[in-house]
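**Student:** The structure that follows is given in the form of structure tokens.
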Amino acid sequence: MAMIPPAANARADAYFEGGYWLILWGFLYGTVVSLLLLQLRWSAKMRDLAERITRFRWLQTTIYWVQYLLLTTVLGFPLEYYQNYVREHKYGLATQTFGPWMGDEGKSLLLGLVLGGIIVVALFAIIRKLPNTWWIWGSVATMAFMVVTVAIGPVYLQPIFNKINRLDDPKVTVPILRMAHANGIPTNDVYEIDASRQTTRMSANVSGFGGTMRITMNDNLLRRGSLEEIQAVMGHEMGHYVLNHIPNFMMFLFILVVVSFAYLRWGIAWALKRWGERWQIRDIGDPAVLPLVMLLGGVLFFVLTPVTNTETRRQEKEADMFGLNAARRPDGFAQAAIHLGEYRKMRPGPIEEILFFDHPSGFDRIHSAMLWKGENLELFEKPAAQPAAH
Ligand SMILES: [Zn+2]
């Protein structure tokens, strides 16, 4: 930790702590946008327009969704621009100029129109067909949709934004593949993504589901990390893979989705009884209800932030310990923690860690690595000279 210059430390702390406030501002901003759409009856007007264009209900929902997403994207743009462009540049984490950044924003919007359109149309169809039990079937449909999206992610979605290649550098891949095979991961490929197109952050991840599950490292890690560091990070990622963290997290999300839908079922009925007439929303099967769904959902997820962070952090800690054991590169792991400290606070207080950290802190990671090394010193001592044969 003493290796990090204090100024760099202060900068990373400021960046990370700013992120705490952005959670609050994002929540408040979203709430105000939803309230505007409801109170000014813009939502009802968008629905009326959709109904004038077509009599097919699924098409009405689609047209409503397109209007809704375009309008909220425009209204949300100032915060989006500050958070993901201005602020990232201010802290030296962004590599894109405005044009390419807007290009990526446009792609995200198109993806939102298509993927969001599919799930929104499906959910409203379920609500209208099954007005009493929709929240159960809606949860099942949402979950199925999420599984499919995660499964197609690395193959069809990520390539929309970045180039992903098989890495062809035996110096890097051979030790990684040996580690993978030793830990029961049946692959002969290491993937690399050109994340430097958007950011200076070093990272790697596990993505996909079932047949598409894979580990990818980004080119910043490849370029700036030492071999030892790369192996330590890949050991961590293999932990996510071997410990089935993606399917486990899906189960956690499933519980969250069922709870959210039960809460929405109750919350929407309550709100519509009081303000439905004023907002000109007929019932829960009316697409104009969407801003209310986002408003209520926003409140729930804001309150649940520490819960979702804690579940993620728990998995990350598991992957840390797996990675130390699999890669046996405690110094590389500590080095990686220092590199990640470029955009994460190294030493938070205990409450701060519980509320805001979705990974163990840098301090925790370095401490674990040194503890591991201390208990495995025999791996690092120079082999003693062989006693001469008699
Ligand atoms: Zn991880």
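Each chain of the structure tokens is named A, B, ... in the order shown, its residues numbered from 1; ligands are numbered from 1 in display order.
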Excluding Ile160 in chain A and residues on its chain fewer than 2 positions from it, collect all residues at most 12 Å away from it, counting only C-alpha atoms, and give them as a PDB file with C-alpha atoms, in the first residue's frame.
**Tutor:**
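File part_3.pdb, as written:
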```pdb
ATOM      1  CA  GLY A 103     -21.735   6.225 -31.147  1.00  0.00           C
ATOM      2  CA  ASP A 104     -21.658   3.734 -28.271  1.00  0.00           C
ATOM      3  CA  GLU A 105     -24.533   5.548 -26.575  1.00  0.00           C
ATOM      4  CA  GLY A 106     -26.530   5.223 -29.799  1.00  0.00           C
ATOM      5  CA  LYS A 107     -25.812   1.511 -29.996  1.00  0.00           C
ATOM      6  CA  SER A 108     -26.937   1.061 -26.381  1.00  0.00           C
ATOM      7  CA  LEU A 110     -30.872   0.657 -30.171  1.00  0.00           C
ATOM      8  CA  LEU A 111     -30.169  -2.398 -28.064  1.00  0.00           C
ATOM      9  CA  ILE A 152     -25.956 -14.562 -26.077  1.00  0.00           C
ATOM     10  CA  GLY A 153     -23.949 -11.716 -24.473  1.00  0.00           C
ATOM     11  CA  PRO A 154     -20.356 -12.715 -25.244  1.00  0.00           C
ATOM     12  CA  VAL A 155     -21.188 -13.945 -28.743  1.00  0.00           C
ATOM     13  CA  TYR A 156     -23.703 -11.404 -30.039  1.00  0.00           C
ATOM     14  CA  LEU A 157     -23.904  -8.399 -27.702  1.00  0.00           C
ATOM     15  CA  GLN A 158     -20.333  -7.578 -26.624  1.00  0.00           C
ATOM     16  CA  ASN A 162     -15.757  -4.164 -28.874  1.00  0.00           C
ATOM     17  CA  LYS A 163     -13.524  -6.531 -30.763  1.00  0.00           C
ATOM     18  CA  ILE A 164     -12.945  -9.855 -29.056  1.00  0.00           C
ATOM     19  CA  ILE A 193     -11.227  -7.664 -25.548  1.00  0.00           C
TER      20      ILE A 193
END
```
**Student:** Can you tell me which residues come within 10 Å of ligand 1 when counting only C-alpha atoms and all ligand atoms, ideally as a list in words?
**Tutor:** Ser203, Ala204, Asn205, Val206, Val233, Met234, Gly235, His236, Glu237, Met238, Gly239, His240, Tyr241, His245, Thr312, Arg313, Gln315, Glu316, Lys317, Glu318, Ala319, Asp320, Gly323, Asp358, His359 and Pro360 of chain A
**Student:** Export N, CA and C atoms of the chosen residues as a JSON list (two decimals), in the first residue's frame?
**Tutor:**
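Resulting contents of again06.json:
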```
[["chain", "number", "residue", "atom", "x", "y", "z"],
["A", 203, "SER", "N", -8.95, -4.90, -16.41],
["A", 203, "SER", "CA", -9.89, -5.85, -15.82],
["A", 203, "SER", "C", -10.02, -7.11, -16.65],
["A", 204, "ALA", "N", -10.75, -8.05, -16.11],
["A", 204, "ALA", "CA", -11.04, -9.31, -16.80],
["A", 204, "ALA", "C", -12.41, -9.73, -16.30],
["A", 205, "ASN", "N", -13.07, -10.62, -17.03],
["A", 205, "ASN", "CA", -14.36, -11.07, -16.50],
["A", 205, "ASN", "C", -14.74, -12.45, -17.01],
["A", 206, "VAL", "N", -15.76, -12.99, -16.36],
["A", 206, "VAL", "CA", -16.38, -14.23, -16.83],
["A", 206, "VAL", "C", -17.73, -13.83, -17.37],
["A", 233, "VAL", "N", -4.88, -12.51, -11.69],
["A", 233, "VAL", "CA", -6.22, -12.06, -12.05],
["A", 233, "VAL", "C", -7.00, -13.20, -12.72],
["A", 234, "MET", "N", -6.33, -13.95, -13.60],
["A", 234, "MET", "CA", -7.03, -15.05, -14.26],
["A", 234, "MET", "C", -7.42, -16.15, -13.27],
["A", 235, "GLY", "N", -6.60, -16.35, -12.24],
["A", 235, "GLY", "CA", -6.97, -17.30, -11.19],
["A", 235, "GLY", "C", -8.26, -16.88, -10.51],
["A", 236, "HIS", "N", -8.38, -15.59, -10.25],
["A", 236, "HIS", "CA", -9.60, -15.04, -9.66],
["A", 236, "HIS", "C", -10.81, -15.31, -10.58],
["A", 237, "GLU", "N", -10.63, -15.01, -11.87],
["A", 237, "GLU", "CA", -11.74, -15.22, -12.82],
["A", 237, "GLU", "C", -12.11, -16.70, -12.91],
["A", 238, "MET", "N", -11.10, -17.56, -12.85],
["A", 238, "MET", "CA", -11.40, -19.00, -12.87],
["A", 238, "MET", "C", -12.22, -19.39, -11.65],
["A", 239, "GLY", "N", -11.99, -18.69, -10.55],
["A", 239, "GLY", "CA", -12.82, -18.92, -9.36],
["A", 239, "GLY", "C", -14.29, -18.67, -9.67],
["A", 240, "HIS", "N", -14.58, -17.55, -10.35],
["A", 240, "HIS", "CA", -15.97, -17.28, -10.73],
["A", 240, "HIS", "C", -16.53, -18.42, -11.58],
["A", 241, "TYR", "N", -15.69, -18.93, -12.46],
["A", 241, "TYR", "CA", -16.13, -19.98, -13.38],
["A", 241, "TYR", "C", -16.41, -21.28, -12.64],
["A", 245, "HIS", "N", -20.42, -18.92, -10.33],
["A", 245, "HIS", "CA", -20.96, -17.68, -9.82],
["A", 245, "HIS", "C", -22.05, -17.07, -10.69],
["A", 312, "THR", "N", -22.64, -9.59, -4.23],
["A", 312, "THR", "CA", -21.55, -9.58, -5.21],
["A", 312, "THR", "C", -20.20, -9.66, -4.51],
["A", 313, "ARG", "N", -20.05, -8.88, -3.45],
["A", 313, "ARG", "CA", -18.78, -8.84, -2.73],
["A", 313, "ARG", "C", -18.44, -10.21, -2.14],
["A", 315, "GLN", "N", -19.26, -13.12, -3.41],
["A", 315, "GLN", "CA", -18.74, -13.94, -4.51],
["A", 315, "GLN", "C", -17.32, -13.53, -4.87],
["A", 316, "GLU", "N", -17.06, -12.22, -4.88],
["A", 316, "GLU", "CA", -15.72, -11.75, -5.25],
["A", 316, "GLU", "C", -14.68, -12.22, -4.25],
["A", 317, "LYS", "N", -15.06, -12.26, -2.97],
["A", 317, "LYS", "CA", -14.13, -12.73, -1.95],
["A", 317, "LYS", "C", -13.82, -14.22, -2.18],
["A", 318, "GLU", "N", -14.87, -14.98, -2.51],
["A", 318, "GLU", "CA", -14.67, -16.41, -2.82],
["A", 318, "GLU", "C", -13.70, -16.57, -3.98],
["A", 319, "ALA", "N", -13.91, -15.76, -5.02],
["A", 319, "ALA", "CA", -13.04, -15.85, -6.21],
["A", 319, "ALA", "C", -11.61, -15.44, -5.85],
["A", 320, "ASP", "N", -11.46, -14.44, -4.96],
["A", 320, "ASP", "CA", -10.12, -14.04, -4.51],
["A", 320, "ASP", "C", -9.38, -15.23, -3.90],
["A", 323, "GLY", "N", -8.59, -17.87, -6.40],
["A", 323, "GLY", "CA", -7.51, -17.41, -7.28],
["A", 323, "GLY", "C", -6.14, -17.50, -6.64],
["A", 358, "ASP", "N", -18.71, -3.52, -4.08],
["A", 358, "ASP", "CA", -19.14, -4.78, -4.69],
["A", 358, "ASP", "C", -17.95, -5.71, -4.92],
["A", 359, "HIS", "N", -16.77, -5.28, -4.45],
["A", 359, "HIS", "CA", -15.58, -6.14, -4.43],
["A", 359, "HIS", "C", -14.94, -5.95, -3.06],
["A", 360, "PRO", "N", -14.12, -6.89, -2.61],
["A", 360, "PRO", "CA", -13.35, -6.61, -1.40],
["A", 360, "PRO", "C", -12.46, -5.39, -1.66]]
```
**Student:** Any chance you could tabulate, as CSV, the residues of range 50-160 of chain A at most 8 Å from range 281-295 of chain A with each one's nearest atom pair and distance in Å to one decimal, using only C-alpha atoms, in chain and rising number order?
**Tutor:**
```
residue,atom,partner,partner_atom,distance
A:Thr61,CA,A:Pro287,CA,6.0
A:Tyr64,CA,A:Pro287,CA,6.9
A:Phe124,CA,A:Gly285,CA,6.0
A:Ile127,CA,A:Gly285,CA,5.8
A:Arg128,CA,A:Gly285,CA,5.5
```
